[in-house]
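> This is the structure, below, for whatever I ask next.
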Amino acid sequence: MVTNSNGTQTSSIKVALRALKHRNYRLFFAGQGISLIGTWMQQLALGWLVYRLTSSAFYLGVVPFCNQLPVFLGAPVAGVFADHWSKRKILITTQICSMALALTLAGLIYFERIELMWIIIFSISIGVVNSFDIPTRQAFVYEMVDNQEDLPNAIALNSLIFNIARLIGPSLAGFLIAFTGSEKICFLINGVSYLAVILSLIGMNISHKPIVQPVREVLKGFKDGANYAFGFMPIRTILFFTALISIFAVPYVILMPVFAKDILHGDSSTLGLLTGCIGLGAFVGAIFLAMQKNARKFGEIVIFAACVFAVGLIGFSFSRALWLSLILIVFPGFGLMVQSASTNIILQTIVDDDKRGRVMSFHVMAFVGTAPFGNLLAGFAAERIGAPNTMFLCGILSIAVMSYFIFQIPRIRQLVHPIYVRKGIIPEVAEGLHNAAQVTAQTKE
């Protein structure tokens, strides 16, 4: 049981799932949950397909680079459109495009026409689609919940379904590839799964009506959004932290096929187990976040998650036993998910509503858009110094990034406090106590 501020008690399950009381969010939760299972099946199949065709850790970095570079370049512009056009219509369009691409790749494999060139073209194309889809989807969460107090929980539940799918999808994909001897079934299932989220978007009743603006206003909006995001220290610091984590920490995932095949001497099922355990850790992290109600705690949660991530990754780099590797890889899954979702929650709770799409596009640019550079570096490093040493280095660098963020927290907390009071996240009485504490501290100085 959890005690609310008014003294009443609510079950922990209701607290963790409170955003589901909103009909639009329930539809999204169900449709997205189905679609994401297909997405994770496709992601594992794509990595296995690349490694099967090339036997190169370098190309395991090149393909994600081609996929994520368009996000880096296009997300800020897409964020402007998300602030001034119908987010639901944008998302329906991106889901249809993603479905067509997945089915096309399945057809190429079926007719035995698949080559690395086609995989790179596919990766670039899906990256262009994602540059519009990801920031729009993150900003759209705000329109699906009627009560702003439920926004952090909705974001946490997004992470929950993302990682439930991450737990199911790769394991299922690894089994199907081993059973059928081909990756095409995974791309086919993913293509069909997009119907679920498309139908859920069509069934929503969205009251928010965006004001459509001409192109010159859209370009001006991009400049205004950039000045707002990078001119406010808490947002700027979070974006910088996210970019560094994406470059130095996120790339550990692309090396999983190398560990599965060459280090642990397994097959696609081994890769499915490793990826599934990453998803298990992230799933536990999502439940952990869903239980949190105090927005002020997320700064400390980011630090805690970074420690868990680094310790797990460094331990995994030394493991040569499958059972131990499966246990250790859970910790990076937990840590990275909690870090990324917590920074998302902090941004969503402090950003002005009319700039939400643009700020979230910069967040996507920092997290997804910079990842291709990290993936390319990780693939290059793994070719030169080996995957285990590269993994160890990722863990050490993530500790350095965490240290940077620790020094910024006091200043961030001071600057966002008035915003939390204005939005009702912190009661006004707390603002009075905060001001009194500041006066006392200044007097002592």
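Residue numbering restarts at 1 in every chain; chains get A, B, ... in the order shown in the structure tokens, and ligands count up from 1 in that same order.
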Taking 3 positions as the minimum chain separation for residues in the same chain, which residues sit within 9 Å of Gln348 (chain A) when counting only C-alpha atoms? Answer as a list in words.

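Answer for this query is Ala139, Tyr142, Leu151, Pro152, Ile155, Thr343, Asn344, Ile345, Val351, Asp352, Asp353, Arg356, Val359 and Met360 of chain A.
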
> I want to know what sits within 6 Å of region 31-41 of chain A, based on only C-alpha atoms, with residues of the same chain fewer than 2 positions away left out; could you give that as JSON, numbers by chain?

{"A": [28, 29, 43, 44, 161, 165, 166, 169, 170, 173, 186, 189, 190, 193, 194, 196, 197, 200]}

> Pick out the residues sitting within 8 Å of Phe334 (chain A), and hand them over as an MDAnalysis selection string; count only C-alpha atoms, and ignore anything fewer than 3 positions along from it in its own chain.

chainID A and resid 278 280:285 305 308:309 330:331 337:338

> Go through A:Phe111, A:Phe316, A:Phe140, A:Phe392 one by one, measure the shortest atom-to-atom distance of each to Gly333 (chain A) using only C-alpha atoms, and give the residue with the smallest value.

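The closest residue to Gly333 (chain A) is A:Phe316.
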
> So what do you get for CA of Ser159 (chain A) versus CA of Ala341 (chain A), distance-wise?

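Taking CA of Ser159 (chain A) and CA of Ala341 (chain A), their separation equals 6.9 Å.
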
> Using only C-alpha atoms, which residue out of A:Tyr110, A:Phe405, A:Phe367, A:Phe373 lies closest to Leu188 (chain A)?

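With only C-alpha atoms as the atom set, the closest residue is A:Tyr110.
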
> Using only C-alpha atoms, which of the listed residues (A:Thr237, A:Asn163, A:Ser182, A:Ser340) sits closest to Cys277 (chain A)?

A:Asn163

> Using only C-alpha atoms, which residues sit within 9 Å of Ala226 (chain A) once same-chain residues fewer than 2 positions away are excluded, as a ChimeraX atom specification?

/A:76,221-224,228-231,358-359,362

> The selected residues should be written to file as a PDB file, in the first residue's frame (atoms: C-alpha atoms).


```pdb
ATOM      1  CA  PRO A  76      15.274  18.787 -34.498  1.00  0.00           C
ATOM      2  CA  GLY A 221      10.296  27.816 -34.471  1.00  0.00           C
ATOM      3  CA  PHE A 222      13.381  25.636 -34.806  1.00  0.00           C
ATOM      4  CA  LYS A 223      15.605  28.566 -33.854  1.00  0.00           C
ATOM      5  CA  ASP A 224      13.357  29.510 -30.920  1.00  0.00           C
ATOM      6  CA  TYR A 228      15.136  27.771 -25.308  1.00  0.00           C
ATOM      7  CA  ALA A 229      16.687  24.300 -24.884  1.00  0.00           C
ATOM      8  CA  PHE A 230      20.334  25.308 -24.852  1.00  0.00           C
ATOM      9  CA  GLY A 231      19.764  28.590 -23.035  1.00  0.00           C
ATOM     10  CA  ARG A 358      11.232  20.636 -30.037  1.00  0.00           C
ATOM     11  CA  VAL A 359      12.884  19.874 -26.697  1.00  0.00           C
ATOM     12  CA  PHE A 362      16.766  17.502 -29.091  1.00  0.00           C
TER      13      PHE A 362
END
```
